[in-house]
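Read through the structure below, which is laid out as structure tokens, and then see the notes.
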Amino acid sequence: HTGASLPAALRQTIAKDLGEIVTVIPGKNAGNLMLAFQDGVDMVFAGSKTDKCLYMDIKLHGAAAHEAKTKLVESTCAMLVNHTGIAQENIYITVQEFPNWGALGKYL
């Protein structure tokens, strides 16, 4: 989620880079990565409306090692700073782990 505008080409670049970054989590790859972009949304950060902030929620099937999640967040944040120009201190990322997941028409 961001108040900034993310043109289609930038979305594709971010998706490609995330497809590489996600491999720090064992068993994850671009082939099982799904993304939803929400840009141009009304966002308030530190009490003021702004388009200079970004929130990302990462959902994982199963658990991952702390070190892998640390690398995932650090690499993702650096990539987002590079591509969007949004300051690192204005990017928040949550990571949620789910043991129960359905995909490919079945319960995993």
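Labels for the structure tokens follow display order: chains A, B, ..., residues from 1 in each chain, ligands from 1.
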
As a tab-separated table (two decimals) with all heavy atoms, in the first residue's frame, please: the residues near A:Leu10 (cut-off 9 Å, only C-alpha atoms, same-chain neighbours under 4 positions excluded).
```
chain	number	residue	atom	x	y	z
A	6	LEU	N	2.48	4.01	-8.80
A	6	LEU	CA	3.43	3.01	-9.28
A	6	LEU	C	3.05	2.62	-10.71
A	6	LEU	O	2.15	1.80	-10.91
A	6	LEU	CB	3.42	1.77	-8.38
A	6	LEU	CG	3.73	1.99	-6.89
A	6	LEU	CD1	3.59	0.67	-6.13
A	6	LEU	CD2	5.10	2.58	-6.71
A	14	ILE	N	9.40	-4.26	-9.67
A	14	ILE	CA	9.27	-4.67	-8.27
A	14	ILE	C	8.92	-6.15	-8.19
A	14	ILE	O	9.50	-6.89	-7.39
A	14	ILE	CB	8.24	-3.79	-7.54
A	14	ILE	CG1	8.80	-2.37	-7.38
A	14	ILE	CG2	7.85	-4.39	-6.18
A	14	ILE	CD1	7.78	-1.35	-6.87
A	15	ALA	N	7.99	-6.61	-9.00
A	15	ALA	CA	7.59	-8.02	-9.00
A	15	ALA	C	8.77	-8.91	-9.35
A	15	ALA	O	8.99	-9.95	-8.70
A	15	ALA	CB	6.44	-8.24	-9.98
A	83	HIS	N	13.67	1.72	-5.80
A	83	HIS	CA	12.73	1.88	-6.92
A	83	HIS	C	11.69	2.98	-6.71
A	83	HIS	O	11.19	3.52	-7.68
A	83	HIS	CB	12.01	0.56	-7.20
A	83	HIS	CG	12.89	-0.48	-7.80
A	83	HIS	ND1	13.77	-0.25	-8.84
A	83	HIS	CD2	13.05	-1.80	-7.50
A	83	HIS	CE1	14.40	-1.35	-9.15
A	83	HIS	NE2	14.00	-2.31	-8.35
A	84	THR	N	11.34	3.27	-5.46
A	84	THR	CA	10.27	4.25	-5.23
A	84	THR	C	10.77	5.59	-4.72
A	84	THR	O	10.05	6.58	-4.81
A	84	THR	CB	9.25	3.72	-4.19
A	84	THR	OG1	9.87	3.64	-2.91
A	84	THR	CG2	8.68	2.38	-4.61
```

**Request:** Just the residues within 12 Å of A:Gly31, please, counting only C-alpha atoms, with nothing from its chain fewer than 3 positions along; format it as a VMD selection string.
**Result:** chain A and resid 15 to 16 18 to 20 22 to 23 27 to 28 34 to 35

Write the selection just made, keeping N, CA and C atoms, as an mmCIF file, in the first residue's frame?
```cif
data_model
loop_
_atom_site.group_PDB
_atom_site.id
_atom_site.type_symbol
_atom_site.label_atom_id
_atom_site.label_comp_id
_atom_site.auth_asym_id
_atom_site.auth_seq_id
_atom_site.Cartn_x
_atom_site.Cartn_y
_atom_site.Cartn_z
ATOM 1 N N ALA A 15 7.988 -6.605 -9.005
ATOM 2 C CA ALA A 15 7.587 -8.016 -9.000
ATOM 3 C C ALA A 15 8.770 -8.914 -9.352
ATOM 4 N N LYS A 16 9.541 -8.537 -10.362
ATOM 5 C CA LYS A 16 10.717 -9.322 -10.757
ATOM 6 C C LYS A 16 11.720 -9.385 -9.610
ATOM 7 N N LEU A 18 11.199 -8.898 -6.383
ATOM 8 C CA LEU A 18 10.659 -9.676 -5.259
ATOM 9 C C LEU A 18 10.719 -11.173 -5.547
ATOM 10 N N GLY A 19 10.568 -11.547 -6.808
ATOM 11 C CA GLY A 19 10.689 -12.947 -7.185
ATOM 12 C C GLY A 19 12.070 -13.503 -6.885
ATOM 13 N N GLU A 20 13.078 -12.658 -6.962
ATOM 14 C CA GLU A 20 14.440 -13.063 -6.611
ATOM 15 C C GLU A 20 14.664 -12.998 -5.103
ATOM 16 N N VAL A 22 12.541 -13.284 -2.628
ATOM 17 C CA VAL A 22 11.783 -14.271 -1.843
ATOM 18 C C VAL A 22 12.516 -15.605 -1.719
ATOM 19 N N THR A 23 13.486 -15.833 -2.570
ATOM 20 C CA THR A 23 14.227 -17.100 -2.511
ATOM 21 C C THR A 23 15.082 -17.222 -1.250
ATOM 22 N N GLY A 27 12.283 -22.881 -0.116
ATOM 23 C CA GLY A 27 11.084 -23.382 -0.770
ATOM 24 C C GLY A 27 10.264 -22.321 -1.486
ATOM 25 N N LYS A 28 10.649 -21.066 -1.364
ATOM 26 C CA LYS A 28 9.899 -19.984 -2.017
ATOM 27 C C LYS A 28 10.630 -19.560 -3.288
ATOM 28 N N MET A 34 2.664 -14.353 -5.147
ATOM 29 C CA MET A 34 1.506 -13.593 -5.605
ATOM 30 C C MET A 34 1.583 -12.205 -4.994
ATOM 31 N N LEU A 35 1.348 -11.188 -5.803
ATOM 32 C CA LEU A 35 1.429 -9.803 -5.349
ATOM 33 C C LEU A 35 0.137 -9.067 -5.655
#
```

**Prompt:** Where in chain A does DSSP assign strand (DSSP E or B), given as a list of chain:residue names?
**Reply:**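 Written out, the strand (DSSP E or B) residues of chain A are A:Thr2, A:Val44, A:Phe45, A:Ser48, A:Lys49, A:Leu54, A:Tyr55, A:Met56, A:Asp57, A:Ile58, A:Lys59, A:Leu60, A:His61, A:Ile91, A:Tyr92, A:Ile93, A:Thr94, A:Val95, A:Gln96, A:Glu97, A:Phe98, A:Gly102, A:Ala103, A:Lys106, A:Tyr107.
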
**Request:** Check the smallest atom-to-atom distance from each of A:Ile93, A:Ala46, A:Leu72, A:Val81 to A:His1 using only C-alpha atoms, then report the winner.
**Result:**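 Once distances to A:His1 are computed over only C-alpha atoms, the minimum belongs to A:Ile93.
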
**Prompt:** Which one is closest to A:Asn32: A:Thr76, A:Leu54, A:Leu104, A:Glu67? Count only C-alpha atoms.
**Reply:**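 Closest to A:Asn32, using only C-alpha atoms: A:Leu104.
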
**Request:** Report the residues of chain A whose backbone DSSP state falls under alpha helix (DSSP H), written as a PyMOL selection string.
**Result:** chain A and resi 8-21+66-84

**Message:** Residues within 12 Å of A:Ala65, please, as a list in words. Count only C-alpha atoms; anything in the same chain fewer than 2 positions from it doesn't count.
**Reply:**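 Residues meeting the cut-off are Val24, Ile25, Pro26, Leu60, Gly62, Ala63, Glu67, Ala68, Lys69, Thr70, Lys71, Leu72, Val95 and Glu97 of chain A.
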
**Request:** Figure out the distance between atom CA of A:Gln38 and atom CA of A:Ser75, please, to one decimal in Å.
**Result:** 20.4 Å

Contacts of A:Lys52 within 8 Å, only C-alpha atoms, excl. fewer than 2 positions in-chain, as a tab-separated table (two decimals) with N, CA and C atoms, in the first residue's frame:
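Just written: around04.tsv:
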```tsv
chain	number	residue	atom	x	y	z
A	2	THR	N	0.56	2.17	-0.86
A	2	THR	CA	1.28	3.44	-0.87
A	2	THR	C	0.41	4.52	-1.47
A	3	GLY	N	0.67	5.73	-1.07
A	3	GLY	CA	-0.01	6.86	-1.67
A	3	GLY	C	0.63	7.26	-2.98
A	4	ALA	N	1.85	6.80	-3.22
A	4	ALA	CA	2.56	7.11	-4.45
A	4	ALA	C	1.94	6.36	-5.63
A	50	THR	N	0.12	11.66	3.28
A	50	THR	CA	1.34	11.68	2.48
A	50	THR	C	1.33	10.56	1.45
A	54	LEU	N	5.04	3.70	2.64
A	54	LEU	CA	4.67	2.43	2.03
A	54	LEU	C	4.53	1.38	3.12
A	86	ILE	N	11.04	6.26	-1.70
A	86	ILE	CA	10.46	6.44	-0.38
A	86	ILE	C	11.53	6.10	0.66
A	87	ALA	N	11.67	6.95	1.66
A	87	ALA	CA	12.71	6.78	2.67
A	87	ALA	C	12.50	5.49	3.47
A	90	ASN	N	10.18	5.33	6.32
A	90	ASN	CA	8.76	5.47	5.99
A	90	ASN	C	8.20	4.20	5.34
```

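Among the candidates A:Asp17, A:Phe37, A:Ser5, A:Gly85, the residue lying nearest to A:Asp57 is A:Phe37 (atoms considered: only C-alpha atoms).
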